[in-house]
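Notes follow once the structure below has been shown.
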Amino acid sequence: MKFKYALRLFVVVAFAKAYTSQAQLNSNTPLISNDSIAQKQWVDSVYNSLSQKEKIGQLFMVDLFSNKGKAHVDKVRKLVTDHKIGGIIFSKGGPVQQAYLTNELQEKSKTKMLIAMDAEWGLAMRLDSTYAFPWNMTLGATPGKQSSYEVGKRIGEHCKRLGVHINFAPDVDINTNPLNPIIGNRSFGEDMNNVTDKASAFMNGMQSTGTLACAKHFPGHGDTDTDSHKTLPTVDFSAERIDSVELYPYKRLIDKGMASVMVAHLNIPSLEPRPGYPTSISEKVVTDLLKTKLGFNGLIFTDALNMKGASNFSAPGEIDLQAFKAGNDVLLISEDVPKSIEKIQAAIEAGELTEERLEHSVKKILMSKYVVGLHNYEPVQIPQLVEDLNTEKDDVVYENAISAAVTVLKNKSDILPIKNLETKKIAYVELGDDSGTVFLNELNKYTQVDQVKSTQLDGLLKNLEKYNTVIIGLHRSNENPWKSYKLKEKELTWLYEISRKHDVIFDGFVRPYMLEQLKTIENLEGIIMSYQNSEWSQKVSAQIIFGARDAVGTLPVSSGLFKVNEGIKVENIKRLSYGSNPSSVGFDSKMVSKIDSIAMHTINGKGAPGIQILVARRGKVVLDKTYGYHTYDKKDAVKSNDVYDIASVTKILATLPLVMELEENNVISLDDAISKLDTDLKSTNKEQITVKQMLSHYGRLKPWIPFYVYTLDSITNKPSPLFYSSGSKSSFNIPVADRLFANATVQDRMYNQIKESELRDKLEYKYSDLPYYIMKRYIEKHYNKNLDELTQNHFYSSLGMNRTGYLPLNKFPKKEIIPTEDDKTFRNQLIHGYVHDQGAAMQGGIGGHAGIFSTTNDVAKMMQMYLQGGTYGGRQYLKQETIDKFNTCYYCENDVRRGVGFDKPQLEDSGPTCGCVGRSSFGHSGFTGAYTWADPEEEIVYVFLSNRVHPDADNRFIIQENIRTNIQQIIYDSIID
C-alpha cells in the first residue's frame, strides 16, 4: 500500500509540475495573455506575496446574494478579509447593489477577486432590472452561428460592464432526455454538431469581450431525469458512447480556446467505478479524462459544492479536499470555507498534497485574473449602470435571434403566410396560463383578428362559428426555462375540437417537447414553434404568420411526430415587419429621442393635442409611436389604433390608386381630355384639360370653391333649412355632421359650380381640390359604386388596412376616432367622427379629395405597396411602370413639381419636404395635420398624423415651425449606412 501511494504521489507531482509549466508557456492556453512575460512576472510576484493559507484561500469562490441582509453579507466580508478567498459568484439581487458590493469587497481584498455569475441567458437569470436573452434551446433552432455569437457577445459585454469576469456559460449538455428536469431549455438541443457549433459561437462572442466562458456540465448532464441540486443523477452510458457524444463539444471547444470548464456532480459508472462517487471529486474524470486525455489547460471549476449531488456524499470540508485532490482548480460555493482551508492545509502538511499541486491551481487562478484585467483593477462605474444593461442594441440582438429561430413544422395548403385577407375572418384563441396580449396586438397590425373567449367548449365553438381561420396560441410563463410547458388535457381537447371545424394555425410559445402531446395533427393546417413567450417571440411569430418575415428555424430536438432539424422554410410576402429600433435598418438610434423631442415640443406648444408618427425603412417599421391626447382636456391618450382624419392624403390613398388601376387596365389614359370622362364637361372651358394636367395641378382650375358658403342662410349665417335638416329624412339623407343632414340638391349645386367655374388666367402650377371631385364622379359612375366600397374592395381589405376608410362612425367606436375642429362657421359643433373638409362633408363624408380616416400603420401599408412597385402581401396591385408613370414630374420645366396625383420634392428652396429627399420620392400632406412620404432610393416610409386643426383650423404652429419636415430632416440625418 505504501509503495502504491508513493508511486501515485510521484505521478501527481510530476504531472502538476509539467502542467504548470505548460499552462504558463503554451501559447494555445486560454489563460495566457498577449503580454505573457508581463503576465508571468505579475503572477509570480503575487503568488510569492501570499502565505500558504492565503494561497489556499485563492481556491475558493463563495456565493453572495445582493438582495440578502447584512448578516449574509458580513459573512462574505469576513471570508474576504480573514481568509483571502479568490472569488465571488453573485446570485440573486439587483445590478446596482451588486456593483456596490463588488467595489466594496474588491477594496477589502488583498488580491483582487474573480467575480463570476451563472448568467446563461444573461444577467436576468439572476438579477432584476437586467436583460434576458433567448434560451439556448431557442438559439439551437437558428440556422448558422451568428445569433449565438451575437447573444454571447452581448452577455459578455453586460458582464464586463457589471464587473463580472467569468460567466458559467455556455451549457454544452446534449439534451437527449426530454424528461431532464434541470437542463432542458438550457441546452442547445440534442444534435451534438448543432450544440457544438452554437456553443462555440456563443463562447467566441463572449470571450471576445474579455469575459471568460465556462463549458458545463462536464462530462455531460444531458441525459438525466434527476436534478443534481437535489440528488446524484446517474448517467449509465458506456465510456465509448460518452466519448463520441457527450464529450464531443468539449473536444471542439477546448481546441478553440475555452477558458474554463465546470465539472458536474454525476454518477457515471463507466468513468468512475466506485459506486455513487460524484464525477466532481473523481480524479479519473477531472485529471485523467479532462486534463490528460482531452488536454485541457484552462480553469476547472467544481459545480456548486452545496448541491446535494455533492454534499450528500461527504461532509463540508472533506468534499472540498476531495474535489481539490481530483484536480479541480476552483472550489465553488463551499459550505464551510474555513474548515476546508484547514483540511487542505493539513493534507499538504501530511504529504497527501504537495506545494506544487497548490501552485499549479493558484497560478492558473492568478493567470486568469491577469487576463481579465485585475492587475489593473478599476471599480465598477455606478452611473447609468441599469441603462447600459438594457439597451436598444440588446433588442436588436434578441429580435434577430428569435426571428431566425421560429420554426414552421406544418403548412398544409400553404396556409402560411396568410394571404387574401379580404376572404379571411380570423379569430385568436389563447391557451395557457400566461398572456398572449403582445401576440394579439401584433396580429392586429396586419388585419382584424378578434380574440374569442369562453369558459366552456360549447360556448367557444359557438362564438367561433363566424370565423374561417383560427390562430391558437399556447402561452406559458417565460420567467425561466424550468416552467411548465405542457398542454393540459382540457386544452388538448379544445385544440382538437376547434381544429375539426376550422382552419387552425397552432403556435406554441413553449419548449419544443410540448410537441410530444400532439399525437394527431391531421386537422391542424399550420404548426409553429416559437419556443418562448417573450415579447419579441410573440411579435416575430405574428409577423411570420402574416408573411412579414421568413421562417427559417429548425427543431433543435426530436419531439412527438417531429424529428430534430425538421423545419419548413416559409418566405415572406413583402408585408411590413416591425423591428426593435432604428439601428437595425441603418439609422442612428438617437433618431427616436430627437423625434420624441419635436413631437413633445409640438404638443406643449399647442400645435396639436396628439400625434402618431411612423418611420419604416427596408420594409421594417422601426418607430411607431403615439404622443399626447385626443383633445386638450387630456382625458384620452392617443393610441396606435385611433383613427385620424387624413384630409388631402385621401387623394393618394383612395382616388389615385383607383385612377392608376383604371389607367393600367386601359380604361382611361393620362392624355384623355376630362370631357371624355365626363360628357357634362363638353362645351365648357374645361373641355380640353387632360387627366395628366388636371392631376398635376396644371390645368388652370380654381384651387378651391367654398361650397358650403352658398348653402348658409343669408340672415343667420347658419345651414339653410332649404338644404339641411337636423334629422334624417327621405329627402335629407346625406350625413354632414352630428344631427345635420343635407338633401341631394347640395351635391348637384356643387358639381354645377365646378362645371361653371372660371379658369385661372395664367397656365401655371396651382394646387386644387377640384380634380378629385371630377375623378370621384367619374370613378363612381364607371363602377356604379361609391368610393367607400371601391377602396375597401380594391385595396384596403386585402392590404389589411382594417383601420382605414370613409365614414368612421360606421366602422369604429367614437372613442377611437380623433376629433378635429370645433367648427363655428358651418356646422357649429365639434367635428367628431365626421370629415373635417366642408366639401367632402357635403358629399356625405365620401370625397375624392378628403374623407378617409386612418392610422399611421395603415397609411404606411399603402405607401409601402407603392414603394415596392405595386406589390404587397403576395399580391400585385399595380405594375411598377404604372407607379413610375404617375410618379413623374411632367411639367418640371414649367416649375410644376407635382407628379400625377403624387406630391414631389420642391424644385427650389421651399416646398413640401425637408429638401433632403431624392427626386424619385413622393407623398402628400393634409390640411388637418397629416403627412406621408416615401423614398424609393432610401427605402423610407414616413407618416405623421395629427389633429392640428383642433380646436381651431387657424392654428398654424405645425406649418410655421415646419414640424413635419423637421422630423423628416432628422430621419435623413440619422442614416448611418
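Note on naming: chains are A, B, ... as they come in the C-alpha cells, residues start from 1 per chain, ligands start from 1 in the order shown.
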| said: Which residues are close to A:Thr287, i.e. within 8 Å by only C-alpha atoms, leaving aside same-chain residues fewer than 4 positions away? Reply as a count of residues only. | reply: 5
Kindly assemble as a tab-separated table a list of the stretch 773-835 of chain A residues that lie within 12 Å of stretch 706-726 of chain A, each paired with its nearest atom pair and their distance in Å to one decimal, using only C-alpha atoms, sorted first by chain and then by ascending residue number.
```
residue	atom	partner	partner_atom	distance
A:Asp823	CA	A:Lys718	CA	11.5
A:Lys824	CA	A:Lys718	CA	9.4
A:Thr825	CA	A:Lys718	CA	7.7
A:Phe826	CA	A:Lys718	CA	6.4
A:Arg827	CA	A:Pro719	CA	7.3
A:Asn828	CA	A:Lys718	CA	8.1
A:Gln829	CA	A:Lys718	CA	11.7
```
| task | Excluding stretch 902-906 of chain A and residues on its chain fewer than 5 positions from it, collect all residues at most 6 Å away from it, counting only C-alpha atoms, and give them as a PyMOL selection string. | result | chain A and resi 897+911+913+922-924
List every residue of stretch 539-771 of chain A that DSSP, applied to the backbone, labels as alpha helix (DSSP H), and write the result as a PDB file with N, CA and C atoms, in the first residue's frame.
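Final file, selection.pdb:
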```pdb
ATOM      1  N   LYS A 539     -44.076  38.908 -31.010  1.00  0.00           N
ATOM      2  CA  LYS A 539     -44.108  39.849 -32.132  1.00  0.00           C
ATOM      3  C   LYS A 539     -43.631  39.190 -33.421  1.00  0.00           C
ATOM      4  N   VAL A 540     -42.483  38.546 -33.349  1.00  0.00           N
ATOM      5  CA  VAL A 540     -41.896  37.950 -34.551  1.00  0.00           C
ATOM      6  C   VAL A 540     -42.773  36.843 -35.105  1.00  0.00           C
ATOM      7  N   SER A 541     -43.338  36.031 -34.234  1.00  0.00           N
ATOM      8  CA  SER A 541     -44.174  34.927 -34.700  1.00  0.00           C
ATOM      9  C   SER A 541     -45.405  35.447 -35.430  1.00  0.00           C
ATOM     10  N   ALA A 542     -46.014  36.500 -34.916  1.00  0.00           N
ATOM     11  CA  ALA A 542     -47.161  37.104 -35.591  1.00  0.00           C
ATOM     12  C   ALA A 542     -46.770  37.628 -36.964  1.00  0.00           C
ATOM     13  N   GLN A 543     -45.592  38.201 -37.052  1.00  0.00           N
ATOM     14  CA  GLN A 543     -45.122  38.743 -38.328  1.00  0.00           C
ATOM     15  C   GLN A 543     -44.860  37.636 -39.337  1.00  0.00           C
ATOM     16  N   ILE A 544     -44.364  36.505 -38.873  1.00  0.00           N
ATOM     17  CA  ILE A 544     -44.150  35.360 -39.764  1.00  0.00           C
ATOM     18  C   ILE A 544     -45.490  34.824 -40.260  1.00  0.00           C
ATOM     19  N   ILE A 545     -46.473  34.773 -39.377  1.00  0.00           N
ATOM     20  CA  ILE A 545     -47.800  34.273 -39.764  1.00  0.00           C
ATOM     21  C   ILE A 545     -48.374  35.094 -40.923  1.00  0.00           C
ATOM     22  N   MET A 591     -32.181  58.781 -33.231  1.00  0.00           N
ATOM     23  CA  MET A 591     -33.265  59.370 -34.020  1.00  0.00           C
ATOM     24  C   MET A 591     -34.560  59.428 -33.217  1.00  0.00           C
ATOM     25  N   VAL A 592     -34.854  58.380 -32.465  1.00  0.00           N
ATOM     26  CA  VAL A 592     -36.123  58.297 -31.747  1.00  0.00           C
ATOM     27  C   VAL A 592     -36.253  59.417 -30.728  1.00  0.00           C
ATOM     28  N   SER A 593     -35.224  59.612 -29.926  1.00  0.00           N
ATOM     29  CA  SER A 593     -35.307  60.648 -28.891  1.00  0.00           C
ATOM     30  C   SER A 593     -35.422  62.038 -29.508  1.00  0.00           C
ATOM     31  N   LYS A 594     -34.797  62.232 -30.665  1.00  0.00           N
ATOM     32  CA  LYS A 594     -34.885  63.533 -31.332  1.00  0.00           C
ATOM     33  C   LYS A 594     -36.303  63.775 -31.858  1.00  0.00           C
ATOM     34  N   ILE A 595     -36.899  62.736 -32.419  1.00  0.00           N
ATOM     35  CA  ILE A 595     -38.279  62.863 -32.887  1.00  0.00           C
ATOM     36  C   ILE A 595     -39.220  63.052 -31.706  1.00  0.00           C
ATOM     37  N   ASP A 596     -38.977  62.318 -30.631  1.00  0.00           N
ATOM     38  CA  ASP A 596     -39.773  62.490 -29.414  1.00  0.00           C
ATOM     39  C   ASP A 596     -39.765  63.954 -28.968  1.00  0.00           C
ATOM     40  N   SER A 597     -38.585  64.545 -29.021  1.00  0.00           N
ATOM     41  CA  SER A 597     -38.435  65.925 -28.555  1.00  0.00           C
ATOM     42  C   SER A 597     -39.282  66.882 -29.387  1.00  0.00           C
ATOM     43  N   ILE A 598     -39.260  66.721 -30.705  1.00  0.00           N
ATOM     44  CA  ILE A 598     -40.056  67.606 -31.564  1.00  0.00           C
ATOM     45  C   ILE A 598     -41.547  67.360 -31.363  1.00  0.00           C
ATOM     46  N   ALA A 599     -41.930  66.094 -31.225  1.00  0.00           N
ATOM     47  CA  ALA A 599     -43.343  65.778 -31.007  1.00  0.00           C
ATOM     48  C   ALA A 599     -43.846  66.426 -29.726  1.00  0.00           C
ATOM     49  N   MET A 600     -43.069  66.312 -28.655  1.00  0.00           N
ATOM     50  CA  MET A 600     -43.499  66.899 -27.388  1.00  0.00           C
ATOM     51  C   MET A 600     -43.464  68.428 -27.435  1.00  0.00           C
ATOM     52  N   HIS A 601     -42.520  68.977 -28.180  1.00  0.00           N
ATOM     53  CA  HIS A 601     -42.494  70.434 -28.377  1.00  0.00           C
ATOM     54  C   HIS A 601     -43.783  70.889 -29.069  1.00  0.00           C
ATOM     55  N   THR A 602     -44.234  70.111 -30.024  1.00  0.00           N
ATOM     56  CA  THR A 602     -45.469  70.439 -30.741  1.00  0.00           C
ATOM     57  C   THR A 602     -46.667  70.402 -29.802  1.00  0.00           C
ATOM     58  N   ILE A 603     -46.739  69.360 -28.997  1.00  0.00           N
ATOM     59  CA  ILE A 603     -47.873  69.218 -28.078  1.00  0.00           C
ATOM     60  C   ILE A 603     -47.827  70.293 -26.994  1.00  0.00           C
ATOM     61  N   ASN A 604     -46.645  70.510 -26.419  1.00  0.00           N
ATOM     62  CA  ASN A 604     -46.525  71.536 -25.373  1.00  0.00           C
ATOM     63  C   ASN A 604     -46.787  72.932 -25.919  1.00  0.00           C
ATOM     64  N   THR A 650     -56.080  61.647 -48.519  1.00  0.00           N
ATOM     65  CA  THR A 650     -57.115  60.837 -49.175  1.00  0.00           C
ATOM     66  C   THR A 650     -56.844  60.706 -50.675  1.00  0.00           C
ATOM     67  N   LEU A 656     -56.447  58.194 -56.147  1.00  0.00           N
ATOM     68  CA  LEU A 656     -55.336  57.946 -57.057  1.00  0.00           C
ATOM     69  C   LEU A 656     -55.115  56.467 -57.354  1.00  0.00           C
ATOM     70  N   PRO A 657     -55.092  55.569 -56.357  1.00  0.00           N
ATOM     71  CA  PRO A 657     -54.882  54.157 -56.719  1.00  0.00           C
ATOM     72  C   PRO A 657     -55.963  53.605 -57.637  1.00  0.00           C
ATOM     73  N   LEU A 658     -57.189  54.089 -57.501  1.00  0.00           N
ATOM     74  CA  LEU A 658     -58.256  53.649 -58.404  1.00  0.00           C
ATOM     75  C   LEU A 658     -58.034  54.202 -59.813  1.00  0.00           C
ATOM     76  N   VAL A 659     -57.557  55.446 -59.900  1.00  0.00           N
ATOM     77  CA  VAL A 659     -57.237  56.022 -61.201  1.00  0.00           C
ATOM     78  C   VAL A 659     -56.097  55.248 -61.857  1.00  0.00           C
ATOM     79  N   MET A 660     -55.076  54.927 -61.080  1.00  0.00           N
ATOM     80  CA  MET A 660     -53.926  54.176 -61.600  1.00  0.00           C
ATOM     81  C   MET A 660     -54.365  52.810 -62.112  1.00  0.00           C
ATOM     82  N   GLU A 661     -55.247  52.190 -61.387  1.00  0.00           N
ATOM     83  CA  GLU A 661     -55.767  50.893 -61.792  1.00  0.00           C
ATOM     84  C   GLU A 661     -56.514  50.997 -63.123  1.00  0.00           C
ATOM     85  N   LEU A 662     -57.322  52.025 -63.250  1.00  0.00           N
ATOM     86  CA  LEU A 662     -58.073  52.226 -64.499  1.00  0.00           C
ATOM     87  C   LEU A 662     -57.141  52.510 -65.671  1.00  0.00           C
ATOM     88  N   GLU A 663     -56.116  53.298 -65.427  1.00  0.00           N
ATOM     89  CA  GLU A 663     -55.166  53.600 -66.492  1.00  0.00           C
ATOM     90  C   GLU A 663     -54.395  52.354 -66.901  1.00  0.00           C
ATOM     91  N   GLU A 664     -53.995  51.564 -65.912  1.00  0.00           N
ATOM     92  CA  GLU A 664     -53.257  50.328 -66.187  1.00  0.00           C
ATOM     93  C   GLU A 664     -54.094  49.354 -67.000  1.00  0.00           C
ATOM     94  N   ILE A 674     -60.668  65.483 -70.013  1.00  0.00           N
ATOM     95  CA  ILE A 674     -61.612  65.121 -68.956  1.00  0.00           C
ATOM     96  C   ILE A 674     -63.048  65.138 -69.467  1.00  0.00           C
ATOM     97  N   SER A 675     -63.268  65.809 -70.586  1.00  0.00           N
ATOM     98  CA  SER A 675     -64.615  65.781 -71.164  1.00  0.00           C
ATOM     99  C   SER A 675     -64.945  64.407 -71.730  1.00  0.00           C
ATOM    100  N   LYS A 676     -63.911  63.610 -72.005  1.00  0.00           N
ATOM    101  CA  LYS A 676     -64.143  62.239 -72.445  1.00  0.00           C
ATOM    102  C   LYS A 676     -64.627  61.399 -71.269  1.00  0.00           C
ATOM    103  N   LEU A 677     -64.137  61.712 -70.087  1.00  0.00           N
ATOM    104  CA  LEU A 677     -64.546  61.003 -68.891  1.00  0.00           C
ATOM    105  C   LEU A 677     -65.914  61.481 -68.418  1.00  0.00           C
ATOM    106  N   VAL A 691     -56.305  64.563 -68.176  1.00  0.00           N
ATOM    107  CA  VAL A 691     -56.178  63.940 -66.852  1.00  0.00           C
ATOM    108  C   VAL A 691     -54.802  64.258 -66.272  1.00  0.00           C
ATOM    109  N   LYS A 692     -53.777  64.164 -67.084  1.00  0.00           N
ATOM    110  CA  LYS A 692     -52.414  64.434 -66.627  1.00  0.00           C
ATOM    111  C   LYS A 692     -52.279  65.866 -66.118  1.00  0.00           C
ATOM    112  N   GLN A 693     -52.786  66.827 -66.890  1.00  0.00           N
ATOM    113  CA  GLN A 693     -52.706  68.224 -66.470  1.00  0.00           C
ATOM    114  C   GLN A 693     -53.481  68.459 -65.175  1.00  0.00           C
ATOM    115  N   MET A 694     -54.671  67.919 -65.147  1.00  0.00           N
ATOM    116  CA  MET A 694     -55.550  68.153 -64.002  1.00  0.00           C
ATOM    117  C   MET A 694     -54.943  67.602 -62.710  1.00  0.00           C
ATOM    118  N   LEU A 695     -54.449  66.349 -62.773  1.00  0.00           N
ATOM    119  CA  LEU A 695     -53.920  65.714 -61.566  1.00  0.00           C
ATOM    120  C   LEU A 695     -52.509  66.194 -61.231  1.00  0.00           C
ATOM    121  N   THR A 745     -79.868  68.046 -53.532  1.00  0.00           N
ATOM    122  CA  THR A 745     -79.623  69.244 -54.350  1.00  0.00           C
ATOM    123  C   THR A 745     -78.274  69.882 -54.026  1.00  0.00           C
ATOM    124  N   VAL A 746     -77.777  69.635 -52.814  1.00  0.00           N
ATOM    125  CA  VAL A 746     -76.489  70.204 -52.413  1.00  0.00           C
ATOM    126  C   VAL A 746     -75.388  69.720 -53.345  1.00  0.00           C
ATOM    127  N   GLN A 747     -75.372  68.416 -53.603  1.00  0.00           N
ATOM    128  CA  GLN A 747     -74.312  67.853 -54.442  1.00  0.00           C
ATOM    129  C   GLN A 747     -74.475  68.290 -55.899  1.00  0.00           C
ATOM    130  N   ASP A 748     -75.691  68.414 -56.343  1.00  0.00           N
ATOM    131  CA  ASP A 748     -75.909  68.911 -57.713  1.00  0.00           C
ATOM    132  C   ASP A 748     -75.381  70.329 -57.846  1.00  0.00           C
ATOM    133  N   ARG A 749     -75.657  71.152 -56.850  1.00  0.00           N
ATOM    134  CA  ARG A 749     -75.184  72.536 -56.876  1.00  0.00           C
ATOM    135  C   ARG A 749     -73.652  72.594 -56.884  1.00  0.00           C
ATOM    136  N   MET A 750     -73.036  71.695 -56.093  1.00  0.00           N
ATOM    137  CA  MET A 750     -71.570  71.668 -56.037  1.00  0.00           C
ATOM    138  C   MET A 750     -70.986  71.364 -57.403  1.00  0.00           C
ATOM    139  N   TYR A 751     -71.544  70.369 -58.076  1.00  0.00           N
ATOM    140  CA  TYR A 751     -70.970  69.992 -59.364  1.00  0.00           C
ATOM    141  C   TYR A 751     -71.201  71.087 -60.402  1.00  0.00           C
ATOM    142  N   ASN A 752     -72.329  71.683 -60.351  1.00  0.00           N
ATOM    143  CA  ASN A 752     -72.608  72.775 -61.298  1.00  0.00           C
ATOM    144  C   ASN A 752     -71.653  73.948 -61.075  1.00  0.00           C
ATOM    145  N   GLN A 753     -71.317  74.186 -59.824  1.00  0.00           N
ATOM    146  CA  GLN A 753     -70.373  75.264 -59.541  1.00  0.00           C
ATOM    147  C   GLN A 753     -68.995  74.952 -60.121  1.00  0.00           C
ATOM    148  N   ILE A 754     -68.610  73.663 -60.030  1.00  0.00           N
ATOM    149  CA  ILE A 754     -67.326  73.258 -60.614  1.00  0.00           C
ATOM    150  C   ILE A 754     -67.373  73.424 -62.132  1.00  0.00           C
ATOM    151  N   LYS A 755     -68.432  72.936 -62.742  1.00  0.00           N
ATOM    152  CA  LYS A 755     -68.565  72.974 -64.201  1.00  0.00           C
ATOM    153  C   LYS A 755     -68.548  74.406 -64.723  1.00  0.00           C
ATOM    154  N   GLU A 756     -69.177  75.291 -63.976  1.00  0.00           N
ATOM    155  CA  GLU A 756     -69.323  76.664 -64.443  1.00  0.00           C
ATOM    156  C   GLU A 756     -68.204  77.578 -63.951  1.00  0.00           C
ATOM    157  N   LEU A 770     -60.368  70.493 -56.939  1.00  0.00           N
ATOM    158  CA  LEU A 770     -61.445  70.244 -57.901  1.00  0.00           C
ATOM    159  C   LEU A 770     -61.220  69.011 -58.782  1.00  0.00           C
ATOM    160  N   PRO A 771     -59.970  68.681 -59.182  1.00  0.00           N
ATOM    161  CA  PRO A 771     -59.797  67.469 -59.995  1.00  0.00           C
ATOM    162  C   PRO A 771     -60.364  66.216 -59.338  1.00  0.00           C
TER     163      PRO A 771
END
```
| How far is it from atom CA of A:Gly373 to atom CA of A:Gly122, in Å with one decimal? | 21.5 Å
| said: Just want the 8 Å neighbourhood of stretch 846-861 of chain A, counted on only C-alpha atoms, with same-chain residues fewer than 3 positions away dropped. Output as JSON, numbers by chain. | reply: {"A": [445, 575, 576, 612, 613, 614, 624, 640, 641, 642, 643, 644, 645, 646, 647, 648, 649, 650, 651, 653, 654, 655, 769, 772, 773, 775, 776, 786, 787, 788, 799, 800, 801, 802, 803, 804, 805, 806, 807, 808, 835, 836, 837, 839, 840, 841, 843, 864, 865, 932, 941, 942, 943, 944, 945]}
| Close residues, stretch 335-340 of chain A itself excluded, 7 Å, only C-alpha atoms, min 3 positions apart in chain, as a PyMOL selection string | chain A and resi 305-306+316-318+320-321+343-344
Atoms to include: N, CA and C atoms. Write the selected residues as a CSV table (one decimal), in the first residue's frame.
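Saved as result.csv:
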```csv
chain,number,residue,atom,x,y,z
A,305,LEU,N,-20.6,23.1,-4.6
A,305,LEU,CA,-20.4,22.0,-3.6
A,305,LEU,C,-21.5,22.0,-2.5
A,306,ASN,N,-22.4,22.9,-2.5
A,306,ASN,CA,-23.6,22.8,-1.6
A,306,ASN,C,-24.7,22.1,-2.2
A,316,PRO,N,-19.0,18.9,4.7
A,316,PRO,CA,-18.3,20.1,4.4
A,316,PRO,C,-16.8,20.0,4.8
A,317,GLY,N,-15.9,20.5,4.0
A,317,GLY,CA,-14.5,20.5,4.2
A,317,GLY,C,-13.9,19.2,3.6
A,318,GLU,N,-14.5,18.1,3.8
A,318,GLU,CA,-13.9,16.9,3.3
A,318,GLU,C,-14.2,16.8,1.8
A,320,ASP,N,-14.6,19.3,-0.2
A,320,ASP,CA,-13.7,20.3,-0.8
A,320,ASP,C,-12.3,19.7,-1.1
A,321,LEU,N,-11.8,19.0,0.0
A,321,LEU,CA,-10.5,18.4,-0.1
A,321,LEU,C,-10.5,17.4,-1.3
A,343,LYS,N,-8.5,21.7,6.1
A,343,LYS,CA,-8.4,20.4,5.6
A,343,LYS,C,-7.3,20.3,4.5
A,344,ILE,N,-7.3,21.3,3.6
A,344,ILE,CA,-6.3,21.3,2.6
A,344,ILE,C,-4.9,21.5,3.1
```
